[in-house]
Every structure is written in C-alpha cells, then in structure tokens.
Amino acid sequence: MKNTNKIRWGIIGLGNIASQFASDLQLIDDAELTGVASRNNDKANEFAKKYNCKKSYGSYDALFIDDEIDIVYIATPHDSHAELAIRAMQNGKHVLCEKPLALSYNDAMKMTETSKKYNKFFMEAFWTRFIPSIREVLSKVKNDEIGDIKYLKADFAFYVNELEGNRLTDKKLGGGALFDIGVYPLFLSYIILGIPTEIIAKSIYHTTGVDLQTSMILQYQSAQAVLHAGFVSTSDMKAIISGTKGRIEIQSPWFMTEGYSIFKEEEETNFNLPNIGKGYAHEAIECHNCIRNSRIESEFWSHQNSLDLSKMVEEVKLQIGLEFS
C-alpha cells in the first residue's frame, strides 16, 4: 500500500451486497472507493457513477493490476471466490472476500496459503463478527455472564417466491441454503461453542440438486446447537444462547442485530448498540486496522477461524450429499 491517508478499495461483483458495502464505505472517513469491476462494462460504469467512484473496469484483471487500489472486496458468486481472491493477492492486493470463502475446504486452504506466501491481508467477510452487539454478546459469554452454555438456537430463513432460474438454486454458482445462508448459524455456534464433536444434518432439495432448507444439530461435549437455514419459509431469526445462569436473546435479524437481551432469574435487561450504516462498515474498519498494522489476518476472524468454519460446512455438505462438481 502506498503512503496515503485513505485506504483505497476496489469492488468486483457489483450486485446487491456490493451496493450495501459501497454505501457503508462512504461512512468511513479513511476509506475511498477507487475502482469497481464487472464483466459488464455498462454495469461497472453505472455502479461507479452511483457511488462517486472514479474508475470502472469491464474485467476483474484490469482492476487487479491497478496500482491505485490497496484492497479488493470480492462479492462475486461463491464458485469464483477462490480463483479471484488468489489472483488478487498474486497481483499485490489485500482481499476481503465474501462468505463462504470457497465451495471446498481445500480451496479455502489455498486462499489462506496465498495470503501468507504474498504477505497480503486476507479475510472472509463475516461482517456479523464485527458488529457491536455480537462482539459484546461474545464478550459476556466468555466472561461467564450466563454461566456454562448448554443450548444454542439460530436460524436464517426467508421465503423466495420464484426459485426457478434464481442464483440461489444455481448449482454451478454454488447455490443452496447451506452455502448462501446456512453458514451464518454455523458461524454463531462456532464462535460461542467452538468445533462440535458431531454434526447431524438433513435437507430438502430443489430439482437442481441444491438444498432448499437444511436443519442441523451440532453435538458438543456438554451442549447442543439447533440450527436451520432455508428459502421456503420464514422464521423469527432470533438467536438464543442458554446457559446455567440465564440466557441471551439476540434481536431479530440476529446476524445484523442492533441489540440483545439478557434474562436472569426472569429479569430482562435490554442492550441497544446501533451499527454504522447497514453494518458492513465494521468489517471494513477492521480491514483498515489490520492493513495499517501490517497484519495479514484479523485476530477477531482469523484464517484459522475461516478454515474451522469451512471444515464444519464441508461436514454438513457431506451429510446432506451436496456436490458441486
């Protein structure tokens, strides 16, 4: 990174999540959206104009070789994450890559190895890990606020009216409930309880072969997590963490929450912690902190954290018989 006051971002894959991320970048004083890229040049030009970005490209490689870009945010479909993240780092760019990192654990390993080889910051874009409420909930759990955790419940589900021809059910793009949204409840169980001793998972499938909904039980030595993800029905999308001294309820939708409640001896205490913008700003700020301190990974969501989660996802994938190749 050149000596400049602002950290200069590039974005590839200019869909809905990229738009939300770009909006949040505008709320960070030391961030600048310098370049965007799409395989559709008109789309890139339109996106750049909307977010006051001075450069737009009709190819990803053109952005990767731009010396004025420090870090690339990858928001393309899941199947291209590994290839593009590796190429960006090989071209001297730091990388924030949308979840899930890759469609296989082996590819996720290659991505973290590339970060180390080229000494470039690399992080999975698990924005939920960095929002204030989740950071505080995790701190209180670790400080024994609700005792030993025995049970966790988390889901992420919404109804999609038209699934035919949808990215969500496209097997080539790594579609399906598990990889698109199931990673969220798995992530919560992981940061609270760690790696399970056993995973039991069952799914209902679309005609394309991807899962429409998946339910999971994660077995720990003295706790269980009950998790669910799906596109065929709605849910309250609250998360519950229950311990021997009380429970924490994370307000809906828990993965982008701005508050939580603690219940102890039937007394309820509420906590409200607003996010910056939609909530993506917090992960971007963490990227800035790491880059400015010459770190290639975050202590809050490390390479190993991503690999652990990837291995858990791979086990669910095996359990439900999901194959992408």
# chains A, B, ... in the order shown; residues from 1 in each chain; ligands from 1
>>> residues_around(residues="Phe156 (chain A)", least_positions_apart="3", cutoff="9 Å", atoms="only C-alpha atoms", output="MDAnalysis selection string")
chainID A and resid 181:182 184:185 227:231 234:238 253:255
>>> select_by_dssp(residues="region 196-248 of chain A", states="strand (DSSP E or B)", output="PyMOL selection string")
chain A and resi 198-205+211-219+224-230+232+239-243+247-248
>>> write_last_selection(atoms="C-alpha atoms", output="mmCIF file, in the first residue's frame")
data_model
loop_
_atom_site.group_PDB
_atom_site.id
_atom_site.type_symbol
_atom_site.label_atom_id
_atom_site.label_comp_id
_atom_site.auth_asym_id
_atom_site.auth_seq_id
_atom_site.Cartn_x
_atom_site.Cartn_y
_atom_site.Cartn_z
ATOM 1 C CA GLU A 198 -20.524 -34.392 15.790
ATOM 2 C CA ILE A 199 -22.846 -32.828 13.215
ATOM 3 C CA ILE A 200 -26.161 -34.298 12.116
ATOM 4 C CA ALA A 201 -27.793 -32.616 9.112
ATOM 5 C CA LYS A 202 -30.798 -33.230 6.869
ATOM 6 C CA SER A 203 -32.065 -31.288 3.861
ATOM 7 C CA ILE A 204 -34.947 -30.839 1.436
ATOM 8 C CA TYR A 205 -33.732 -30.344 -2.121
ATOM 9 C CA ASP A 211 -30.634 -27.755 -0.698
ATOM 10 C CA LEU A 212 -33.747 -25.618 -0.258
ATOM 11 C CA GLN A 213 -33.654 -25.977 3.500
ATOM 12 C CA THR A 214 -31.220 -27.612 5.860
ATOM 13 C CA SER A 215 -31.524 -28.363 9.566
ATOM 14 C CA MET A 216 -28.532 -29.194 11.710
ATOM 15 C CA ILE A 217 -27.832 -30.468 15.215
ATOM 16 C CA LEU A 218 -24.324 -29.804 16.471
ATOM 17 C CA GLN A 219 -23.239 -32.024 19.347
ATOM 18 C CA GLN A 224 -26.079 -28.757 21.675
ATOM 19 C CA ALA A 225 -26.857 -26.275 18.919
ATOM 20 C CA VAL A 226 -30.002 -26.497 16.789
ATOM 21 C CA LEU A 227 -29.592 -24.607 13.531
ATOM 22 C CA HIS A 228 -31.669 -24.046 10.410
ATOM 23 C CA ALA A 229 -31.438 -22.288 7.043
ATOM 24 C CA GLY A 230 -33.912 -22.167 4.183
ATOM 25 C CA VAL A 232 -39.035 -21.930 1.515
ATOM 26 C CA ALA A 239 -30.890 -16.369 18.237
ATOM 27 C CA ILE A 240 -30.929 -17.825 21.739
ATOM 28 C CA ILE A 241 -27.878 -18.731 23.827
ATOM 29 C CA SER A 242 -28.844 -20.559 27.021
ATOM 30 C CA GLY A 243 -26.582 -21.137 29.989
ATOM 31 C CA ARG A 247 -29.892 -16.780 28.563
ATOM 32 C CA ILE A 248 -29.155 -14.209 25.894
#
>>> select_by_dssp(residues="region 60-293 of chain A", states="helix (DSSP H, G or I)", output="number ranges by chain")
A: 60-64, 78-90, 105-118, 127-130, 132-142, 167-169, 171-173, 177-193, 254-256, 281-292
>>> residues_around(residues="Ile285 (chain A)", least_positions_apart="6", cutoff="9 Å", atoms="only C-alpha atoms", output="VMD selection string")
chain A and resid 28 30 to 31
>>> atom_distance(atom1="CA of Glu249 (chain A)", atom2="CA of Glu314 (chain A)")
28.1 Å
>>> atom_distance(atom1="CA of Leu186 (chain A)", atom2="CA of Leu307 (chain A)")
12.7 Å
>>> residues_around(residues="Gln304 (chain A)", least_positions_apart="6", cutoff="12 Å", atoms="only C-alpha atoms", output="PyMOL selection string")
chain A and resi 105+108-109+111-113+122-124+190+195+297-298+310-311
>>> write_last_selection(atoms="N, CA and C atoms", output="PDB file, in the first residue's frame")
ATOM      1  N   TYR A 105     -13.127 -27.061   1.384  1.00  0.00           N
ATOM      2  CA  TYR A 105     -12.104 -26.752   2.386  1.00  0.00           C
ATOM      3  C   TYR A 105     -10.729 -26.620   1.739  1.00  0.00           C
ATOM      4  N   ALA A 108     -10.330 -23.223   0.316  1.00  0.00           N
ATOM      5  CA  ALA A 108     -10.167 -22.247   1.405  1.00  0.00           C
ATOM      6  C   ALA A 108      -8.729 -22.265   1.919  1.00  0.00           C
ATOM      7  N   MET A 109      -8.144 -23.454   2.023  1.00  0.00           N
ATOM      8  CA  MET A 109      -6.748 -23.597   2.437  1.00  0.00           C
ATOM      9  C   MET A 109      -5.813 -22.882   1.460  1.00  0.00           C
ATOM     10  N   MET A 111      -6.428 -20.366  -0.362  1.00  0.00           N
ATOM     11  CA  MET A 111      -6.579 -18.918  -0.223  1.00  0.00           C
ATOM     12  C   MET A 111      -5.751 -18.378   0.938  1.00  0.00           C
ATOM     13  N   THR A 112      -5.812 -19.062   2.079  1.00  0.00           N
ATOM     14  CA  THR A 112      -5.032 -18.603   3.235  1.00  0.00           C
ATOM     15  C   THR A 112      -3.536 -18.796   3.000  1.00  0.00           C
ATOM     16  N   GLU A 113      -3.188 -19.847   2.296  1.00  0.00           N
ATOM     17  CA  GLU A 113      -1.770 -20.077   1.971  1.00  0.00           C
ATOM     18  C   GLU A 113      -1.239 -18.982   1.046  1.00  0.00           C
ATOM     19  N   PHE A 122      -5.783 -10.870   4.277  1.00  0.00           N
ATOM     20  CA  PHE A 122      -6.884 -11.623   3.679  1.00  0.00           C
ATOM     21  C   PHE A 122      -7.880 -11.988   4.774  1.00  0.00           C
ATOM     22  N   MET A 123      -9.158 -11.706   4.507  1.00  0.00           N
ATOM     23  CA  MET A 123     -10.187 -12.027   5.497  1.00  0.00           C
ATOM     24  C   MET A 123     -11.500 -12.392   4.808  1.00  0.00           C
ATOM     25  N   GLU A 124     -12.155 -13.364   5.384  1.00  0.00           N
ATOM     26  CA  GLU A 124     -13.514 -13.698   4.978  1.00  0.00           C
ATOM     27  C   GLU A 124     -14.444 -12.607   5.497  1.00  0.00           C
ATOM     28  N   TYR A 190     -20.144 -21.727  16.183  1.00  0.00           N
ATOM     29  CA  TYR A 190     -18.684 -21.837  16.256  1.00  0.00           C
ATOM     30  C   TYR A 190     -18.070 -20.806  17.203  1.00  0.00           C
ATOM     31  N   ILE A 195     -15.704 -25.944  17.892  1.00  0.00           N
ATOM     32  CA  ILE A 195     -15.872 -27.018  16.915  1.00  0.00           C
ATOM     33  C   ILE A 195     -16.639 -28.171  17.553  1.00  0.00           C
ATOM     34  N   GLU A 297      -3.904 -11.062   8.819  1.00  0.00           N
ATOM     35  CA  GLU A 297      -5.189 -11.622   9.250  1.00  0.00           C
ATOM     36  C   GLU A 297      -5.674 -10.898  10.490  1.00  0.00           C
ATOM     37  N   SER A 298      -6.978 -11.019  10.730  1.00  0.00           N
ATOM     38  CA  SER A 298      -7.601 -10.379  11.885  1.00  0.00           C
ATOM     39  C   SER A 298      -7.575 -11.306  13.085  1.00  0.00           C
ATOM     40  N   SER A 310     -15.109 -23.528   7.547  1.00  0.00           N
ATOM     41  CA  SER A 310     -15.162 -24.209   6.249  1.00  0.00           C
ATOM     42  C   SER A 310     -15.223 -25.720   6.432  1.00  0.00           C
ATOM     43  N   LYS A 311     -14.483 -26.226   7.406  1.00  0.00           N
ATOM     44  CA  LYS A 311     -14.490 -27.669   7.677  1.00  0.00           C
ATOM     45  C   LYS A 311     -15.852 -28.119   8.209  1.00  0.00           C
TER      46      LYS A 311
END
>>> residues_around(residues="Tyr57 (chain A)", least_positions_apart="3", cutoff="8 Å", atoms="only C-alpha atoms", output="VMD selection string")
chain A and resid 35 to 38 41 44 to 45 60 62 to 63
>>> closest_residue(among="A:Thr34, A:Ser294, A:Asn161, A:Gln26", to="Ile71 (chain A)", atoms="only C-alpha atoms")
A:Thr34
>>> residues_around(residues="Ala102 (chain A)", least_positions_apart="2", cutoff="9 Å", atoms="only C-alpha atoms", output="JSON, numbers by chain")
{"A": [78, 79, 80, 81, 82, 99, 100, 104, 105, 106, 107, 108, 111, 174, 310]}
>>> write_last_selection(atoms="N, CA and C atoms", output="CSV table (one decimal), in the first residue's frame")
chain,number,residue,atom,x,y,z
A,78,HIS,N,-20.4,-17.5,-5.3
A,78,HIS,CA,-19.5,-18.4,-4.5
A,78,HIS,C,-18.5,-19.2,-5.3
A,79,ASP,N,-18.8,-19.6,-6.4
A,79,ASP,CA,-18.0,-20.5,-7.2
A,79,ASP,C,-16.7,-19.9,-7.6
A,80,SER,N,-16.6,-18.5,-7.7
A,80,SER,CA,-15.5,-17.8,-8.2
A,80,SER,C,-14.6,-17.2,-7.1
A,81,HIS,N,-15.0,-17.3,-5.8
A,81,HIS,CA,-14.3,-16.7,-4.7
A,81,HIS,C,-12.8,-17.1,-4.7
A,82,ALA,N,-12.5,-18.4,-4.7
A,82,ALA,CA,-11.2,-18.8,-4.5
A,82,ALA,C,-10.2,-18.4,-5.6
A,99,LYS,N,-18.3,-14.4,2.2
A,99,LYS,CA,-18.6,-15.7,2.6
A,99,LYS,C,-19.5,-16.5,1.7
A,100,PRO,N,-19.4,-17.8,1.6
A,100,PRO,CA,-18.4,-18.6,2.2
A,100,PRO,C,-17.1,-18.4,1.3
A,104,SER,N,-15.1,-25.5,-1.2
A,104,SER,CA,-14.4,-26.7,-0.6
A,104,SER,C,-13.4,-26.2,0.4
A,105,TYR,N,-13.1,-27.1,1.4
A,105,TYR,CA,-12.1,-26.8,2.4
A,105,TYR,C,-10.7,-26.6,1.7
A,106,ASN,N,-10.4,-27.5,0.8
A,106,ASN,CA,-9.1,-27.4,0.1
A,106,ASN,C,-8.9,-26.1,-0.6
A,107,ASP,N,-9.9,-25.5,-1.2
A,107,ASP,CA,-9.8,-24.2,-1.8
A,107,ASP,C,-9.6,-23.1,-0.8
A,108,ALA,N,-10.3,-23.2,0.3
A,108,ALA,CA,-10.2,-22.2,1.4
A,108,ALA,C,-8.7,-22.3,1.9
A,111,MET,N,-6.4,-20.4,-0.4
A,111,MET,CA,-6.6,-18.9,-0.2
A,111,MET,C,-5.8,-18.4,0.9
A,174,GLY,N,-22.7,-22.4,-6.9
A,174,GLY,CA,-22.6,-22.7,-5.5
A,174,GLY,C,-23.8,-22.4,-4.7
A,310,SER,N,-15.1,-23.5,7.5
A,310,SER,CA,-15.2,-24.2,6.2
A,310,SER,C,-15.2,-25.7,6.4
>>> atom_distance(atom1="CA of Ile11 (chain A)", atom2="CA of Ile74 (chain A)")
6.1 Å
